[in-house]
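Beneath this line is the structure, given in structure tokens, with notes to follow.
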Amino acid sequence: MNTDIFNVQVKIGKPWKKPPFVQSNLLRWVLITGFVIYLIAAYMTIDVNWSRVYEGLERGKKFVLAFTNPDFTSRSSDIWEGMIESILMTVASSVVGILISIPIALGAARNVSPLPVYLICRGIIAISRALQEIIVAILLVAIFGFGPLAGFLTLSFATIGFLSKLLAEDIESMDKVQAEAIKASGAKWTQWINYGVQPQVMPRLIGLSIYRVDINFRESAILGLVGAGGIGATLNTAFDRYEYDTAAAILLIIIVIVMALEYLSGIVRARVQ
Amino acid sequence: MLKLDKLVKTYKTGDQALKEVDIDVPQGQVLALIGPSGAGKSTLIRCINRLVEPTSGKVYLDDIELTSLSSGSLRRERRRMGMIFQEYALIERLTVMENVLSGRLGYVGFWRSFLRKFPQSDIDEAYRLLDRVGLAHMADKRADELSGGQRQRVGICRALIQNPALLLVDEPTASLDPKTSRQIMRLICELCRERELAAIINIHDVALAQMFVQRVVGLRFGAVQFDGPPEGLTPDVLTMIYGEEDWEATIESVDDEDDLVTL
Amino acid sequence: MPSQNKNGLKVWQKRTARESIFHWVLWLIGIMIFTYCWQQISKSTTWFFVWDAPRIATDLWTRATPPKWEYISQLGKPIWDTLNIATLGTIFALIIAVPVAFLAARNTTPSRFLIRPFALLIIVSTRSINSLIWALLLIAIIGPGVFAGVIAIAIRSIGFCAKLLYEAIEEIDETQVEAITATGASRWQVMVYGIVPQILPAFAGIAVFRWDINIRESTVLGLVGAGGIGLQLSSSLNVLAWPQVSLILIVILIAVVISEWVSAKVRGAII
């Protein structure tokens, strides 16, 4: 053992310090001071109007209290229409988005598709992921006009980027042997996908799809801010008019639906896996 | 020194893990607890330092009754009982030194331990213990860089730096290869002799137990079936503890192994 | 599509005739729901605009290109603000998310029936509502500006970070905690020695991951008046200054790519 070389007597009586996470002294101090300077600079450039904030606290309290007494009735028809529109957009865009993202995911998986197809599909995914939903919505509203169609297209487009990427990763990491066994039986490409690939990625596809439905609903709630339909417009109006009790009612409905969707997705995912 | 008086543990599920267990351990005695899995060995050890709350019965450490202590005084008494675990239970992402020093947590305040400012005497003791088990040169390595045997040595140091009167050892060799298992068992028994510690060692390897300890307690379905010197473990006794099986082979192989060790 | 999927399912799930009918009915209902949704959407769509869309799109394209490059000189401060909103928002969120996560995790919560549901409520409600909505709300309360953006991002991130963190806490190795408890350590010491080292990598990963998302989100907060580059986007859109809009979109894209790259690098270094 090399304990013979190591003389413990040297260490005894000397203080011990935990070895630092960043080994180099210089680098460690540069990182720490850099971070502190950044924080100070960031703080300095945010001018907070504290008296305005203080005034706002009163309104903030009103808003919190509104949650104990939400007003579902006085704008019930607006809320109802907005919610229905949000749900319609969610359902339609999820269905279309999922249907389109399956072939794109296949195309973006290097182990099932040729290089040119792979590059095109990865490109589509990259564009869809890099563009914020709300920005896409602004552009689509400008092109297609106000209304839920723009919202529907936005959410479908966003679904493609999200779902295809994760699904493609799942296909790429699937068990090769199972797929090869199907290939060895002389199956055509479509048969191979159907029998060798699909059964392996199906549980993940279902889980991700339901998760995406959840996200789409949440996103549909803000698309109304830029005129792309859904509950967002109603919510925006409520805030503009300082109708906190109506806003609270809308937010509560959103929270409840999201919770219900999460609960549902938990059940479905537990069943398919 | 340690006295268990009619110790009972019934789990919420209704499983009776311990049925009125009485054991008396004098100072300096190393005791092996054997028995099939599910016999309540782990529960027994955990009921002593109350990682598992016993349902009824009493545990005396010297003259202090442990089962009725408030959480503050229980913490003080836990310092006198070092524990060694099956899967080492080291904090993987901390260094060896921090792991050893964590044995002193009961003695230092929160902020000192948070800032890793342990008293110099603790640090010196940690180095001495690490040196004793042959790991002083690894002090600043992270625990997850160590091999199984090395980790268990660190676990032993952590228990010993508490300056305990009693060691509670839960399957110390279950995750180790046969050779390392023996080294670890020998180390534990040597250290107990050096420091006059009493120890309760849970172990499923009967041969290994016979090799090192002075006294064996056999547990089955939570009740004591055998209590005596290792020589008393006849095939009949083993059948009583573990159920029907051909025990001659086990016992003979023990003799063989004994020869090997003395060689 | 349905028949293809059904065939696929058949490979790994045998069905009786009754189950088969049940599945057909399920698919039928699904298709009916979708058709209904589509009809409703198309009803509230002005199809004239849609048929006109290609012309409008090419029109927009010609007006937006080339981007007005010299406008970049006015984007320095907004970009800095955007970075600050994301970073400070993430920091504030983490400061609150950590205690919430400990209160929500089954193995560390002080009370399963009183405090845990409350912590879960905080997590669900902050997570379900988009940062843009939080920004709207905060602007109504404390007025427009960067500060509202920071708080909006912070609130939205609390639930996200706390959820991932409490899941990490629930997955820790309990024997390590047991070992520290057995030494006679106090509750807080068990926390610092037994739990914190185990969740530290997860914590760092979550922080960087959320920071990356927050950069994206803070680029658009300005649309509702909460500071950052979105303000410029919004005002350019209002005056239909399309060359400026295209430049801002390019800047946002670059920012998103950089933040994703940074976050991937940092996560790689930690894990």
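Residue numbering restarts at 1 for every chain of the structure tokens, chains are lettered A, B, ... in their displayed order, and ligands are numbered from 1 as they appear.
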Item to complete: Write out as an MDAnalysis selection string the residues lying within 8 Å of B:Leu197, counting only C-alpha atoms and excluding same-chain residues fewer than 6 positions away.
Response: chainID B and resid 27:30 164:167 191
Practice prompt. Return as a list of chain:residue names the residues belonging to chain C that are within 6 Å of chain A, counting only C-alpha atoms.
Written response: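 Using only C-alpha atoms, chain C residues at most 6 Å from chain A: C:Gly8, C:Phe34, C:Cys37, C:Ile41, C:Thr45, C:Phe49, C:Val50, C:Ala53, C:Ile56, C:Ala57, C:Asn84, C:Ser128, C:Ile141, C:Ile142.
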Worksheet item: If we count only C-alpha atoms, what is near B:Gln16 at a cut-off of 12 Å, once residues fewer than 2 positions away on the same chain are taken out, given as a list in words?
Response: Leu7, Val8, Lys9, Thr10, Tyr11, Lys12, Thr13, Gly14, Leu18, Lys19, Glu20, Val21, Gly38, Ala39, Gly40, Thr43, Leu44, Pro54, Thr55, Ser56, Arg220, Phe221, Gly222 and Ala223 of chain B
Worksheet item: If we count only C-alpha atoms, which residues of chain B reach to within 12 Å of chain A? Please list them as an NGL selection string.
Response: :B and (93-99 or 101 or 113-142)
Chain B contacts on chain C, only C-alpha atoms, 10 Å, as a CSV table (one decimal) with C-alpha atoms, in the first residue's frame:
```csv
chain,number,residue,atom,x,y,z
C,173,ASP,CA,-30.7,8.0,-1.4
C,174,GLU,CA,-32.3,7.7,2.0
C,175,THR,CA,-29.5,5.7,3.6
C,176,GLN,CA,-27.2,8.6,3.3
C,177,VAL,CA,-29.7,10.6,5.3
C,178,GLU,CA,-30.0,7.8,7.8
C,179,ALA,CA,-26.2,7.7,8.2
C,180,ILE,CA,-26.0,11.4,9.0
C,181,THR,CA,-29.0,11.1,11.4
C,182,ALA,CA,-27.3,8.2,13.2
C,183,THR,CA,-24.3,10.4,14.1
C,184,GLY,CA,-26.5,12.5,16.3
C,185,ALA,CA,-26.7,15.4,13.8
C,186,SER,CA,-29.5,18.0,14.2
C,187,ARG,CA,-32.3,18.4,11.6
C,188,TRP,CA,-30.5,21.2,9.8
C,189,GLN,CA,-27.2,19.4,9.8
C,190,VAL,CA,-28.9,16.4,8.3
C,192,VAL,CA,-26.8,20.3,4.8
C,193,TYR,CA,-24.8,17.1,4.9
C,194,GLY,CA,-27.3,14.4,4.0
C,195,ILE,CA,-29.6,16.0,1.4
C,196,VAL,CA,-28.0,19.1,-0.1
C,197,PRO,CA,-24.9,17.4,-1.6
C,198,GLN,CA,-27.2,14.9,-3.2
C,199,ILE,CA,-29.4,17.4,-5.0
C,200,LEU,CA,-26.7,20.0,-5.9
C,201,PRO,CA,-26.1,18.7,-9.4
```
Worksheet item: For B:Glu171, which of B:Asp24, B:Glu231, B:Asp62, B:Met185 is the closest residue, counting only C-alpha atoms?
Response: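 Of B:Asp24, B:Glu231, B:Asp62, B:Met185, the one nearest B:Glu171 is B:Met185, counting only C-alpha atoms.
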Item to complete: Write out as a ChimeraX atom specification all residues of stretch 80-262 of chain C that backbone DSSP assigns to helix (DSSP H, G or I).
Response: /C:80-104,115-128,131-142,146-170,174-182,187-224,229-238,242-262
Residues of the last selection are to be written out with C-alpha atoms, as a compact mmCIF listing (two decimals), in the first residue's frame.
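Saved the output as again-v2.txt:
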```
# COMPACT_ATOMS: atom_id res chain seq x y z
CA TRP C 80 -28.94 44.29 -21.58
CA ASP C 81 -32.36 44.69 -19.94
CA THR C 82 -33.53 41.39 -21.40
CA LEU C 83 -30.47 39.63 -20.02
CA ASN C 84 -31.07 41.19 -16.61
CA ILE C 85 -34.73 40.24 -16.55
CA ALA C 86 -33.85 36.62 -17.25
CA THR C 87 -30.89 36.40 -14.88
CA LEU C 88 -32.28 38.31 -11.92
CA GLY C 89 -35.66 36.64 -12.40
CA THR C 90 -34.01 33.23 -12.28
CA ILE C 91 -32.04 34.14 -9.16
CA PHE C 92 -35.10 35.44 -7.31
CA ALA C 93 -37.10 32.41 -8.41
CA LEU C 94 -34.44 30.03 -7.09
CA ILE C 95 -34.29 31.82 -3.74
CA ILE C 96 -38.00 31.14 -3.26
CA ALA C 97 -38.17 27.80 -5.08
CA VAL C 98 -35.64 26.09 -2.80
CA PRO C 99 -37.64 26.39 0.44
CA VAL C 100 -40.87 25.65 -1.42
CA ALA C 101 -39.33 22.49 -2.86
CA PHE C 102 -38.23 21.33 0.59
CA LEU C 103 -41.71 21.96 1.92
CA ALA C 104 -43.25 20.07 -0.98
CA ILE C 115 -47.80 22.45 4.60
CA ARG C 116 -47.26 20.11 1.66
CA PRO C 117 -50.58 20.86 -0.08
CA PHE C 118 -49.91 24.55 0.38
CA ALA C 119 -46.47 24.24 -1.22
CA LEU C 120 -47.95 22.20 -4.06
CA LEU C 121 -50.57 24.87 -4.57
CA ILE C 122 -47.85 27.51 -4.96
CA ILE C 123 -46.09 25.28 -7.47
CA VAL C 124 -49.17 24.53 -9.56
CA SER C 125 -50.53 28.07 -9.62
CA THR C 126 -47.24 29.75 -10.51
CA ARG C 127 -46.47 27.10 -13.12
CA SER C 128 -49.84 27.07 -14.87
CA SER C 131 -45.01 34.74 -17.63
CA LEU C 132 -46.74 37.11 -20.05
CA ILE C 133 -49.89 36.94 -17.95
CA TRP C 134 -47.89 37.50 -14.79
CA ALA C 135 -46.30 40.48 -16.52
CA LEU C 136 -49.73 41.88 -17.45
CA LEU C 137 -50.82 41.54 -13.87
CA LEU C 138 -47.67 43.08 -12.42
CA ILE C 139 -47.82 45.99 -14.80
CA ALA C 140 -51.33 46.69 -13.62
CA ILE C 141 -50.07 46.55 -10.03
CA ILE C 142 -46.59 48.10 -9.96
CA VAL C 146 -37.99 46.13 -16.22
CA PHE C 147 -38.80 45.47 -12.58
CA ALA C 148 -42.24 44.10 -13.45
CA GLY C 149 -40.54 41.84 -15.98
CA VAL C 150 -38.06 40.53 -13.40
CA ILE C 151 -40.84 39.71 -10.97
CA ALA C 152 -43.02 38.15 -13.68
CA ILE C 153 -40.19 35.86 -14.78
CA ALA C 154 -39.39 35.08 -11.14
CA ILE C 155 -42.95 34.09 -10.28
CA ARG C 156 -43.38 31.93 -13.36
CA SER C 157 -40.10 30.16 -12.65
CA ILE C 158 -40.83 29.38 -8.99
CA GLY C 159 -43.26 26.60 -9.79
CA PHE C 160 -41.13 25.18 -12.58
CA CYS C 161 -37.92 25.06 -10.52
CA ALA C 162 -39.62 23.96 -7.32
CA LYS C 163 -41.37 21.08 -9.10
CA LEU C 164 -38.20 19.68 -10.64
CA LEU C 165 -36.29 20.26 -7.42
CA TYR C 166 -38.77 18.54 -5.17
CA GLU C 167 -38.83 15.57 -7.49
CA ALA C 168 -35.05 15.44 -7.16
CA ILE C 169 -35.34 15.64 -3.36
CA GLU C 170 -37.80 12.76 -3.35
CA GLU C 174 -32.31 7.73 2.04
CA THR C 175 -29.54 5.65 3.58
CA GLN C 176 -27.16 8.60 3.32
CA VAL C 177 -29.66 10.65 5.29
CA GLU C 178 -29.99 7.81 7.78
CA ALA C 179 -26.23 7.67 8.21
CA ILE C 180 -26.02 11.37 9.04
CA THR C 181 -28.99 11.12 11.41
CA ALA C 182 -27.29 8.22 13.20
CA ARG C 187 -32.29 18.41 11.61
CA TRP C 188 -30.48 21.25 9.82
CA GLN C 189 -27.19 19.42 9.81
CA VAL C 190 -28.88 16.40 8.25
CA MET C 191 -30.19 18.75 5.61
CA VAL C 192 -26.79 20.29 4.84
CA TYR C 193 -24.79 17.05 4.92
CA GLY C 194 -27.29 14.38 3.97
CA ILE C 195 -29.59 16.03 1.44
CA VAL C 196 -27.99 19.12 -0.10
CA PRO C 197 -24.92 17.40 -1.59
CA GLN C 198 -27.20 14.87 -3.25
CA ILE C 199 -29.42 17.41 -4.98
CA LEU C 200 -26.74 19.97 -5.85
CA PRO C 201 -26.14 18.72 -9.41
CA ALA C 202 -29.88 18.63 -10.09
CA PHE C 203 -30.17 22.14 -8.68
CA ALA C 204 -27.45 23.53 -10.93
CA GLY C 205 -28.95 21.80 -13.95
CA ILE C 206 -32.41 23.17 -13.23
CA ALA C 207 -31.08 26.69 -12.68
CA VAL C 208 -29.27 26.81 -16.01
CA PHE C 209 -32.11 25.12 -17.87
CA ARG C 210 -34.60 27.64 -16.52
CA TRP C 211 -32.26 30.54 -17.26
CA ASP C 212 -32.19 29.43 -20.88
CA ILE C 213 -35.99 29.34 -21.03
CA ASN C 214 -36.18 32.70 -19.28
CA ILE C 215 -33.99 34.35 -21.90
CA ARG C 216 -36.56 33.28 -24.50
CA GLU C 217 -39.48 34.43 -22.44
CA SER C 218 -37.97 37.76 -21.48
CA THR C 219 -37.47 38.67 -25.14
CA VAL C 220 -41.23 38.95 -25.56
CA LEU C 221 -42.22 40.40 -22.17
CA GLY C 222 -41.85 43.87 -23.65
CA LEU C 223 -44.90 43.26 -25.79
CA VAL C 224 -47.04 43.94 -22.74
CA ILE C 229 -36.14 44.01 -26.35
CA GLY C 230 -39.83 43.17 -26.69
CA LEU C 231 -40.61 46.86 -26.09
CA GLN C 232 -38.71 47.77 -29.25
CA LEU C 233 -40.46 44.96 -31.09
CA SER C 234 -43.82 46.18 -29.94
CA SER C 235 -43.21 49.82 -30.86
CA SER C 236 -41.76 48.86 -34.24
CA LEU C 237 -44.81 46.72 -34.93
CA ASN C 238 -47.11 49.57 -33.95
CA TRP C 242 -40.93 46.12 -40.74
CA PRO C 243 -37.17 46.48 -41.41
CA GLN C 244 -36.72 47.14 -37.68
CA VAL C 245 -38.95 44.20 -36.82
CA SER C 246 -36.89 41.84 -38.92
CA LEU C 247 -33.67 43.06 -37.32
CA ILE C 248 -35.12 42.57 -33.83
CA LEU C 249 -36.27 39.07 -34.74
CA ILE C 250 -32.76 38.24 -35.95
CA VAL C 251 -31.30 39.58 -32.69
CA ILE C 252 -33.77 37.52 -30.65
CA LEU C 253 -32.92 34.39 -32.64
CA ILE C 254 -29.22 34.92 -32.02
CA ALA C 255 -29.83 35.50 -28.31
CA VAL C 256 -31.85 32.30 -28.08
CA VAL C 257 -29.20 30.27 -29.86
CA ILE C 258 -26.43 31.69 -27.66
CA SER C 259 -28.34 31.06 -24.44
CA GLU C 260 -29.10 27.50 -25.49
CA TRP C 261 -25.43 26.97 -26.27
CA VAL C 262 -24.32 28.44 -22.92
```
Worksheet item: What is the distance between atom CA of B:Ile45 and atom CA of B:Leu233, in Å to one decimal?
Response: 21.8 Å
Fill in: Atomic distance atom CA of A:Leu106 - atom CA of A:Ile120, expressed in Å with one decimal
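A separation of 11.7 Å between them.
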Practice prompt. Work out how far apart atom CA of B:Ala32 and atom CA of B:Lys6 are and give it in Å to one decimal.
Written response: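 Answer for the atom CA of B:Ala32 to atom CA of B:Lys6 separation: 19.2 Å.
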Discussion item. When you look at stretch 224-228 of chain B with a cut-off of 8 Å (counting only C-alpha atoms), what residues show up, excluding the ones that are within fewer than 4 positions of it in the same chain? I need them as a list in words.
Written reply: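 Listed by chain and then number, they are Val21, Asp22, Arg215, Val216, Val217, Gly218, Leu219, Arg220, Gly232, Val237, Met240 and Ile241 of chain B.
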File of the preceding selection, N, CA, C and O atoms, as a PDB file, in the first residue's frame:
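Final file, selection04.pdb:
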```pdb
ATOM      1  N   VAL B  21     -37.712  -9.014  22.172  1.00  0.00           N
ATOM      2  CA  VAL B  21     -36.311  -9.427  22.135  1.00  0.00           C
ATOM      3  C   VAL B  21     -35.593  -8.936  23.395  1.00  0.00           C
ATOM      4  O   VAL B  21     -35.683  -7.767  23.760  1.00  0.00           O
ATOM      5  N   ASP B  22     -34.918  -9.842  24.089  1.00  0.00           N
ATOM      6  CA  ASP B  22     -34.072  -9.482  25.233  1.00  0.00           C
ATOM      7  C   ASP B  22     -32.639  -9.816  24.888  1.00  0.00           C
ATOM      8  O   ASP B  22     -32.329 -10.975  24.611  1.00  0.00           O
ATOM      9  N   ARG B 215     -19.576 -14.000  20.282  1.00  0.00           N
ATOM     10  CA  ARG B 215     -20.920 -14.414  20.652  1.00  0.00           C
ATOM     11  C   ARG B 215     -21.839 -14.272  19.435  1.00  0.00           C
ATOM     12  O   ARG B 215     -21.680 -13.330  18.654  1.00  0.00           O
ATOM     13  N   VAL B 216     -22.752 -15.218  19.276  1.00  0.00           N
ATOM     14  CA  VAL B 216     -23.675 -15.177  18.145  1.00  0.00           C
ATOM     15  C   VAL B 216     -25.114 -15.220  18.656  1.00  0.00           C
ATOM     16  O   VAL B 216     -25.430 -15.991  19.550  1.00  0.00           O
ATOM     17  N   VAL B 217     -25.936 -14.344  18.102  1.00  0.00           N
ATOM     18  CA  VAL B 217     -27.363 -14.401  18.403  1.00  0.00           C
ATOM     19  C   VAL B 217     -28.088 -14.710  17.100  1.00  0.00           C
ATOM     20  O   VAL B 217     -27.869 -14.047  16.092  1.00  0.00           O
ATOM     21  N   GLY B 218     -28.918 -15.759  17.128  1.00  0.00           N
ATOM     22  CA  GLY B 218     -29.673 -16.128  15.932  1.00  0.00           C
ATOM     23  C   GLY B 218     -31.098 -15.651  16.039  1.00  0.00           C
ATOM     24  O   GLY B 218     -31.770 -15.856  17.046  1.00  0.00           O
ATOM     25  N   LEU B 219     -31.554 -14.973  14.989  1.00  0.00           N
ATOM     26  CA  LEU B 219     -32.884 -14.382  15.004  1.00  0.00           C
ATOM     27  C   LEU B 219     -33.718 -15.070  13.930  1.00  0.00           C
ATOM     28  O   LEU B 219     -33.247 -15.304  12.818  1.00  0.00           O
ATOM     29  N   ARG B 220     -34.962 -15.435  14.281  1.00  0.00           N
ATOM     30  CA  ARG B 220     -35.867 -15.936  13.249  1.00  0.00           C
ATOM     31  C   ARG B 220     -37.259 -15.399  13.516  1.00  0.00           C
ATOM     32  O   ARG B 220     -37.750 -15.491  14.632  1.00  0.00           O
ATOM     33  N   GLY B 232     -21.199 -23.073  19.226  1.00  0.00           N
ATOM     34  CA  GLY B 232     -22.508 -23.685  19.458  1.00  0.00           C
ATOM     35  C   GLY B 232     -23.386 -23.775  18.231  1.00  0.00           C
ATOM     36  O   GLY B 232     -24.485 -24.310  18.287  1.00  0.00           O
ATOM     37  N   VAL B 237     -28.840 -26.246  15.231  1.00  0.00           N
ATOM     38  CA  VAL B 237     -29.108 -24.844  15.569  1.00  0.00           C
ATOM     39  C   VAL B 237     -29.360 -24.045  14.299  1.00  0.00           C
ATOM     40  O   VAL B 237     -30.311 -23.257  14.213  1.00  0.00           O
ATOM     41  N   MET B 240     -32.654 -24.588  12.984  1.00  0.00           N
ATOM     42  CA  MET B 240     -33.634 -23.875  13.787  1.00  0.00           C
ATOM     43  C   MET B 240     -33.736 -22.408  13.334  1.00  0.00           C
ATOM     44  O   MET B 240     -34.822 -21.835  13.297  1.00  0.00           O
ATOM     45  N   ILE B 241     -32.574 -21.845  12.983  1.00  0.00           N
ATOM     46  CA  ILE B 241     -32.580 -20.426  12.603  1.00  0.00           C
ATOM     47  C   ILE B 241     -33.028 -20.247  11.158  1.00  0.00           C
ATOM     48  O   ILE B 241     -33.884 -19.428  10.848  1.00  0.00           O
TER      49      ILE B 241
END
```
Worksheet item: Could you name the residues that touch stretch 201-213 of chain B at 9 Å or less, counting only C-alpha atoms, but leaving out those on the same chain fewer than 4 positions away, as number ranges by chain?
Response: B: 29-37, 41-42, 45, 167-174, 181-182, 185-186, 189, 229-231, 233, 250-251, 253-255, 257-258
